[in-house]
file input.cif (mmCIF, C-alpha atoms, pLDDT in the B column; chains and numbers go by the auth columns)
data_final
#
loop_
_atom_site.group_PDB
_atom_site.id
_atom_site.type_symbol
_atom_site.label_atom_id
_atom_site.label_comp_id
_atom_site.label_asym_id
_atom_site.label_seq_id
_atom_site.Cartn_x
_atom_site.Cartn_y
_atom_site.Cartn_z
_atom_site.B_iso_or_equiv
_atom_site.auth_seq_id
_atom_site.auth_asym_id
ATOM 1 C CA MET A 1 -19.143 -65.859 28.309 44.00 12 X
ATOM 2 C CA ARG A 2 -15.405 -65.492 28.627 41.00 13 X
ATOM 3 C CA ARG A 3 -14.861 -68.113 25.985 40.00 14 X
ATOM 4 C CA LYS A 4 -17.070 -66.356 23.392 40.00 15 X
ATOM 5 C CA LEU A 5 -15.376 -63.054 23.999 36.00 16 X
ATOM 6 C CA ALA A 6 -11.947 -64.553 23.474 36.00 17 X
ATOM 7 C CA ILE A 7 -13.047 -66.189 20.232 36.00 18 X
ATOM 8 C CA ALA A 8 -14.526 -62.959 18.919 36.00 19 X
ATOM 9 C CA MET A 9 -11.283 -61.087 19.592 39.00 20 X
ATOM 10 C CA LEU A 10 -9.227 -63.791 17.941 37.00 21 X
ATOM 11 C CA THR A 11 -11.462 -63.773 14.882 37.00 22 X
ATOM 12 C CA ALA A 12 -11.249 -59.979 14.540 39.00 23 X
ATOM 13 C CA SER A 13 -7.475 -59.986 14.719 40.00 24 X
ATOM 14 C CA MET A 14 -7.249 -62.764 12.114 44.00 25 X
ATOM 15 C CA LEU A 15 -9.360 -60.746 9.635 45.00 26 X
ATOM 16 C CA ALA A 16 -6.779 -57.985 9.397 45.00 27 X
ATOM 17 C CA PRO A 17 -4.430 -58.759 6.503 49.00 28 X
ATOM 18 C CA VAL A 18 -0.840 -59.386 7.342 48.00 29 X
ATOM 19 C CA TRP A 19 0.420 -56.582 5.085 48.00 30 X
ATOM 20 C CA ALA A 20 -1.844 -53.900 6.593 47.00 31 X
ATOM 21 C CA SER A 21 -0.045 -51.110 8.326 48.00 32 X
ATOM 22 C CA PRO A 22 -1.400 -48.206 10.319 54.00 33 X
ATOM 23 C CA LEU A 23 -2.319 -45.032 8.415 51.00 34 X
ATOM 24 C CA GLN A 24 0.232 -42.297 8.581 56.00 35 X
ATOM 25 C CA ALA A 25 -0.637 -38.670 8.090 56.00 36 X
ATOM 26 C CA GLN A 26 1.716 -36.916 5.767 62.00 37 X
ATOM 27 C CA ARG A 27 2.376 -33.302 6.528 68.00 38 X
ATOM 28 C CA ARG A 28 2.632 -31.153 3.486 71.00 39 X
ATOM 29 C CA PRO A 29 3.095 -27.438 3.614 73.00 40 X
ATOM 30 C CA LEU A 30 -0.060 -25.727 2.426 72.00 41 X
ATOM 31 C CA PRO A 31 0.526 -23.341 -0.467 76.00 42 X
ATOM 32 C CA VAL A 32 -0.082 -19.806 0.722 70.00 43 X
ATOM 33 C CA LEU A 33 -0.123 -16.826 -1.574 66.00 44 X
ATOM 34 C CA VAL A 34 0.613 -13.597 0.233 66.00 45 X
ATOM 35 C CA VAL A 35 -0.625 -10.667 -1.813 65.00 46 X
ATOM 36 C CA PRO A 36 1.087 -7.339 -1.191 72.00 47 X
ATOM 37 C CA PRO A 37 -1.370 -4.727 0.098 85.00 48 X
ATOM 38 C CA LEU A 38 -2.815 -2.019 -2.073 90.00 49 X
ATOM 39 C CA THR A 39 -2.170 1.593 -1.175 91.00 50 X
ATOM 40 C CA ALA A 40 -4.267 4.567 -2.273 92.00 51 X
ATOM 41 C CA LEU A 41 -2.820 8.060 -2.015 93.00 52 X
ATOM 42 C CA ALA A 42 -4.586 11.368 -2.619 94.00 53 X
ATOM 43 C CA LEU A 43 -2.081 13.407 -4.628 96.00 54 X
ATOM 44 C CA ASN A 44 -4.245 16.357 -5.653 95.00 55 X
ATOM 45 C CA ASP A 45 -7.583 17.697 -4.385 95.00 56 X
ATOM 46 C CA LEU A 46 -10.394 18.481 -6.802 96.00 57 X
ATOM 47 C CA THR A 47 -10.470 22.289 -6.600 95.00 58 X
ATOM 48 C CA PHE A 48 -12.692 24.845 -8.304 93.00 59 X
ATOM 49 C CA SER A 49 -10.873 28.053 -7.254 87.00 60 X
ATOM 50 C CA SER A 50 -13.233 31.039 -7.163 90.00 61 X
ATOM 51 C CA VAL A 51 -16.790 30.565 -8.381 92.00 62 X
ATOM 52 C CA LEU A 52 -19.492 33.173 -8.909 92.00 63 X
ATOM 53 C CA PRO A 53 -23.082 32.875 -7.627 93.00 64 X
ATOM 54 C CA GLY A 54 -25.422 31.483 -10.256 94.00 65 X
ATOM 55 C CA ILE A 55 -22.635 30.432 -12.666 95.00 66 X
ATOM 56 C CA GLN A 56 -21.646 26.789 -12.808 95.00 67 X
ATOM 57 C CA SER A 57 -17.956 25.953 -12.810 96.00 68 X
ATOM 58 C CA THR A 58 -16.475 22.800 -14.307 97.00 69 X
ATOM 59 C CA VAL A 59 -13.095 21.169 -13.798 97.00 70 X
ATOM 60 C CA SER A 60 -12.066 18.834 -16.587 97.00 71 X
ATOM 61 C CA VAL A 61 -10.717 15.417 -15.649 97.00 72 X
ATOM 62 C CA HIS A 62 -7.675 16.375 -17.763 95.00 73 X
ATOM 63 C CA ASP A 63 -6.909 19.581 -15.817 96.00 74 X
ATOM 64 C CA ALA A 64 -3.495 18.861 -14.280 94.00 75 X
ATOM 65 C CA TYR A 65 -3.846 21.577 -11.612 96.00 76 X
ATOM 66 C CA HIS A 66 -7.481 21.332 -10.514 97.00 77 X
ATOM 67 C CA ALA A 67 -8.638 17.741 -11.149 97.00 78 X
ATOM 68 C CA GLY A 68 -8.530 15.293 -8.259 96.00 79 X
ATOM 69 C CA LEU A 69 -5.717 12.742 -8.511 97.00 80 X
ATOM 70 C CA PHE A 70 -5.334 9.452 -6.665 96.00 81 X
ATOM 71 C CA GLU A 71 -2.430 7.034 -6.998 96.00 82 X
ATOM 72 C CA ILE A 72 -2.997 3.335 -6.352 95.00 83 X
ATOM 73 C CA GLN A 73 0.054 1.169 -5.721 94.00 84 X
ATOM 74 C CA GLY A 74 0.253 -2.611 -5.541 92.00 85 X
ATOM 75 C CA PRO A 75 1.452 -5.734 -7.350 90.00 86 X
ATOM 76 C CA ALA A 76 2.528 -5.090 -10.947 89.00 87 X
ATOM 77 C CA SER A 77 -0.182 -5.812 -13.536 90.00 88 X
ATOM 78 C CA ALA A 78 -2.802 -6.757 -10.914 91.00 89 X
ATOM 79 C CA SER A 79 -6.447 -6.186 -11.846 93.00 90 X
ATOM 80 C CA VAL A 80 -8.270 -3.883 -9.458 94.00 91 X
ATOM 81 C CA ARG A 81 -11.802 -2.622 -8.924 95.00 92 X
ATOM 82 C CA VAL A 82 -12.019 1.030 -7.888 95.00 93 X
ATOM 83 C CA GLU A 83 -15.128 2.516 -6.285 96.00 94 X
ATOM 84 C CA LEU A 84 -15.605 6.189 -5.422 95.00 95 X
ATOM 85 C CA VAL A 85 -18.105 7.580 -2.929 96.00 96 X
ATOM 86 C CA LEU A 86 -18.981 11.034 -4.197 96.00 97 X
ATOM 87 C CA PRO A 87 -20.670 13.875 -2.323 96.00 98 X
ATOM 88 C CA ALA A 88 -23.875 15.500 -3.571 96.00 99 X
ATOM 89 C CA ALA A 89 -22.788 18.876 -2.215 96.00 100 X
ATOM 90 C CA LEU A 90 -19.854 20.738 -0.741 95.00 101 X
ATOM 91 C CA ILE A 91 -20.365 22.282 2.714 96.00 102 X
ATOM 92 C CA SER A 92 -19.055 25.628 3.957 94.00 103 X
ATOM 93 C CA ASP A 93 -17.751 26.224 7.464 93.00 104 X
ATOM 94 C CA GLU A 94 -21.076 27.963 8.176 94.00 105 X
ATOM 95 C CA GLY A 95 -23.106 24.986 6.892 94.00 106 X
ATOM 96 C CA ALA A 96 -24.137 26.354 3.481 94.00 107 X
ATOM 97 C CA LEU A 97 -24.386 23.785 0.687 95.00 108 X
ATOM 98 C CA LEU A 98 -22.933 24.018 -2.807 96.00 109 X
ATOM 99 C CA PRO A 99 -24.292 21.284 -5.119 97.00 110 X
ATOM 100 C CA ILE A 100 -21.707 19.291 -7.077 97.00 111 X
ATOM 101 C CA SER A 101 -22.249 16.859 -9.938 97.00 112 X
ATOM 102 C CA PHE A 102 -20.111 14.290 -11.697 97.00 113 X
ATOM 103 C CA GLY A 103 -20.754 13.369 -15.320 96.00 114 X
ATOM 104 C CA HIS A 104 -20.307 10.065 -17.134 96.00 115 X
ATOM 105 C CA ALA A 105 -16.792 11.043 -18.341 95.00 116 X
ATOM 106 C CA ASP A 106 -15.527 12.798 -15.191 97.00 117 X
ATOM 107 C CA GLY A 107 -13.335 9.830 -14.218 97.00 118 X
ATOM 108 C CA SER A 108 -10.134 8.627 -15.834 97.00 119 X
ATOM 109 C CA ALA A 109 -8.008 5.576 -15.001 96.00 120 X
ATOM 110 C CA GLU A 110 -4.432 5.789 -16.267 95.00 121 X
ATOM 111 C CA TYR A 111 -1.700 3.156 -16.200 90.00 122 X
ATOM 112 C CA GLY A 112 1.347 3.009 -18.433 83.00 123 X
ATOM 113 C CA SER A 113 0.276 4.500 -21.759 87.00 124 X
ATOM 114 C CA HIS A 114 -3.384 3.445 -21.300 88.00 125 X
ATOM 115 C CA THR A 115 -6.178 5.843 -20.379 92.00 126 X
ATOM 116 C CA VAL A 116 -9.692 4.597 -19.652 92.00 127 X
ATOM 117 C CA PRO A 117 -12.460 7.187 -19.170 96.00 128 X
ATOM 118 C CA PHE A 118 -15.218 6.115 -16.784 96.00 129 X
ATOM 119 C CA ASP A 119 -18.316 7.297 -14.952 97.00 130 X
ATOM 120 C CA PRO A 120 -17.167 7.924 -11.364 97.00 131 X
ATOM 121 C CA HIS A 121 -20.618 6.889 -10.058 97.00 132 X
ATOM 122 C CA ALA A 122 -19.905 3.312 -11.192 96.00 133 X
ATOM 123 C CA PRO A 123 -16.975 1.054 -10.291 96.00 134 X
ATOM 124 C CA VAL A 124 -14.128 0.861 -12.768 95.00 135 X
ATOM 125 C CA ILE A 125 -12.017 -2.233 -13.358 94.00 136 X
ATOM 126 C CA ALA A 126 -8.470 -1.508 -14.474 93.00 137 X
ATOM 127 C CA ALA A 127 -4.987 -2.937 -14.177 92.00 138 X
ATOM 128 C CA LEU A 128 -1.992 -1.634 -12.328 93.00 139 X
ATOM 129 C CA GLY A 129 0.854 -0.847 -14.674 92.00 140 X
ATOM 130 C CA SER A 130 4.068 -2.829 -14.940 92.00 141 X
ATOM 131 C CA ASP A 131 5.391 -0.485 -12.229 93.00 142 X
ATOM 132 C CA GLY A 132 2.471 -1.418 -9.929 92.00 143 X
ATOM 133 C CA ARG A 133 0.782 1.983 -10.201 95.00 144 X
ATOM 134 C CA LEU A 134 -2.601 3.241 -11.374 96.00 145 X
ATOM 135 C CA PHE A 135 -3.720 6.870 -11.404 97.00 146 X
ATOM 136 C CA ILE A 136 -7.359 7.873 -10.996 97.00 147 X
ATOM 137 C CA ARG A 137 -8.289 11.399 -12.086 97.00 148 X
ATOM 138 C CA LEU A 138 -11.571 13.088 -11.194 97.00 149 X
ATOM 139 C CA GLY A 139 -13.289 16.159 -12.579 97.00 150 X
ATOM 140 C CA GLY A 140 -16.700 17.615 -11.737 97.00 151 X
ATOM 141 C CA THR A 141 -19.045 20.599 -11.803 97.00 152 X
ATOM 142 C CA VAL A 142 -20.264 22.854 -8.995 96.00 153 X
ATOM 143 C CA LEU A 143 -23.659 24.513 -9.362 95.00 154 X
ATOM 144 C CA PRO A 144 -23.757 27.637 -7.156 95.00 155 X
ATOM 145 C CA GLY A 145 -27.180 29.100 -6.517 92.00 156 X
ATOM 146 C CA ARG A 146 -28.259 32.681 -6.887 90.00 157 X
ATOM 147 C CA PRO A 147 -27.520 33.876 -4.251 91.00 158 X
ATOM 148 C CA GLN A 148 -24.818 31.591 -2.895 92.00 159 X
ATOM 149 C CA ALA A 149 -23.216 32.250 0.468 92.00 160 X
ATOM 150 C CA GLY A 150 -19.534 33.107 0.194 90.00 161 X
ATOM 151 C CA GLY A 151 -16.836 31.094 1.871 91.00 162 X
ATOM 152 C CA THR A 152 -14.729 28.001 1.510 93.00 163 X
ATOM 153 C CA TYR A 153 -16.604 24.781 0.716 95.00 164 X
ATOM 154 C CA ARG A 154 -15.329 21.249 1.301 94.00 165 X
ATOM 155 C CA ALA A 155 -16.420 17.631 1.006 95.00 166 X
ATOM 156 C CA THR A 156 -14.826 14.213 1.260 94.00 167 X
ATOM 157 C CA ILE A 157 -14.412 11.787 -1.625 94.00 168 X
ATOM 158 C CA SER A 158 -13.775 8.226 -0.530 93.00 169 X
ATOM 159 C CA ILE A 159 -12.000 5.628 -2.634 94.00 170 X
ATOM 160 C CA THR A 160 -12.080 1.859 -2.140 93.00 171 X
ATOM 161 C CA VAL A 161 -9.812 -0.438 -4.141 93.00 172 X
ATOM 162 C CA TYR A 162 -10.202 -4.215 -4.416 92.00 173 X
ATOM 163 C CA ASN A 163 -7.415 -6.488 -5.675 91.00 174 X
ATOM 164 C CA LEU A 164 -8.907 -8.852 -8.273 89.00 175 X
ATOM 165 C CA GLY A 165 -5.585 -10.635 -8.871 76.00 176 X
ATOM 166 C CA SER A 166 -3.478 -10.837 -11.989 65.00 177 X
#

call {"tool": "encode", "arguments": {"input": "input.cif", "output": "structure tokens"}}
result
Amino acid sequence: MRRKLAIAMLTASMLAPVWASPLQAQRRPLPVLVVPPLTALALNDLTFSSVLPGIQSTVSVHDAYHAGLFEIQGPASASVRVELVLPAALISDEGALLPISFGHADGSAEYGSHTVPFDPHAPVIAALGSDGRLFIRLGGTVLPGRPQAGGTYRATISITVYNLGS
């Protein structure tokens, strides 16, 4: 048995070509793309000032003082997807509800000299300007009932921004 084992080992070592060399792993740095983070800032609240019971009040998306305004900052010229979560009503400190609605043209995405109107219920795809900024404007309409409890009403609008690249 020893003799057969020795012959088998000799045969196996003779089958390996003389020029064969052991494999060597080459280490290469993996390419990594680090994308700067996106930042969303609320610059102006959507405000309706004083409203009267039973009379709807609308704020135009183009109203510089009352329309909501968000600024998105990130890599210059990057494509982004912006999604808004909109309330169905504003709530007073006492718990009274004031219905609010957003129409198909109550959103506006602005970068550089470009303005893109959009329905704020649906995502909008836009590009950051050459300065890495995009402005989202938001208008809307409140629908006070008759009667409507007096007081200050508030709600939260959430914004989510996805970087789609350049």

call {"tool": "atom_distance", "arguments": {"input": "input.cif", "atom1": "atom CA of Val70 of chain X", "atom2": "atom CA of Pro134 of chain X"}}
result
20.8 Å

call {"tool": "closest_residue", "arguments": {"input": "input.cif", "among": "X:Arg165, X:His73, X:Arg92, X:His115", "to": "Leu145 of chain X", "atoms": "only C-alpha atoms"}}
result
X:Arg92

call {"tool": "closest_residue", "arguments": {"input": "input.cif", "among": "X:Thr171, X:Tyr164, X:Arg144, X:Pro155", "to": "Ala89 of chain X", "atoms": "all atoms listed in the file"}}
result
X:Arg144

call {"tool": "residues_around", "arguments": {"input": "input.cif", "residues": "Glu82 of chain X", "least_positions_apart": "2", "cutoff": "7 Å", "atoms": "all atoms listed in the file", "output": "list in words"}}
result
Ala51, Leu52, Ala53, Leu54, Leu80, Gln84, Arg144, Leu145, Phe146 and Ile147 of chain X

call {"tool": "closest_residue", "arguments": {"input": "input.cif", "among": "X:Val91, X:Ala133, X:Val96, X:Leu57", "to": "Gly114 of chain X", "atoms": "all atoms listed in the file"}}
result
X:Ala133

call {"tool": "residues_near_point", "arguments": {"input": "input.cif", "point": "(-19.7, 31.2, -13.2)", "cutoff": "12 Å", "atoms": "only C-alpha atoms", "output": "ChimeraX atom specification"}}
result
/X:59-69,152-157,159

call {"tool": "axis_aligned_box", "arguments": {"input": "input.cif", "around": "segment 49-55 of chain X", "padding_each_side": "3 Å", "output": "lines of an AutoDock Vina configuration file"}}
result
center_x = -3.3
center_y = 7.2
center_z = -3.4
size_x = 8.5
size_y = 24.4
size_z = 10.5

call {"tool": "atom_distance", "arguments": {"input": "input.cif", "atom1": "atom CA of Ser71 of chain X", "atom2": "atom CA of Thr163 of chain X"}}
result
20.5 Å

call {"tool": "closest_residue", "arguments": {"input": "input.cif", "among": "X:Pro47, X:Gly161, X:Gly106, X:Gly150", "to": "His77 of chain X", "atoms": "all atoms listed in the file"}}
result
X:Gly150

call {"tool": "atom_distance", "arguments": {"input": "input.cif", "atom1": "atom CA of Gly123 of chain X", "atom2": "atom CA of Val135 of chain X"}}
result
16.6 Å

call {"tool": "closest_residue", "arguments": {"input": "input.cif", "among": "X:Ile111, X:Ala78, X:Ala116, X:Leu101", "to": "Pro131 of chain X", "atoms": "all atoms listed in the file"}}
result
X:Ala116

call {"tool": "closest_atom_pairs", "arguments": {"input": "input.cif", "of": "segment 148-170 of chain X", "to": "segment 117-120 of chain X", "cutoff": "7 Å", "atoms": "all atoms listed in the file", "output": "tab-separated table"}}
result
residue	atom	partner	partner_atom	distance
X:Arg148	CA	X:Ser119	CA	5.0
X:Leu149	CA	X:Gly118	CA	4.8
X:Gly150	CA	X:Asp117	CA	4.8
X:Gly151	CA	X:Asp117	CA	6.0
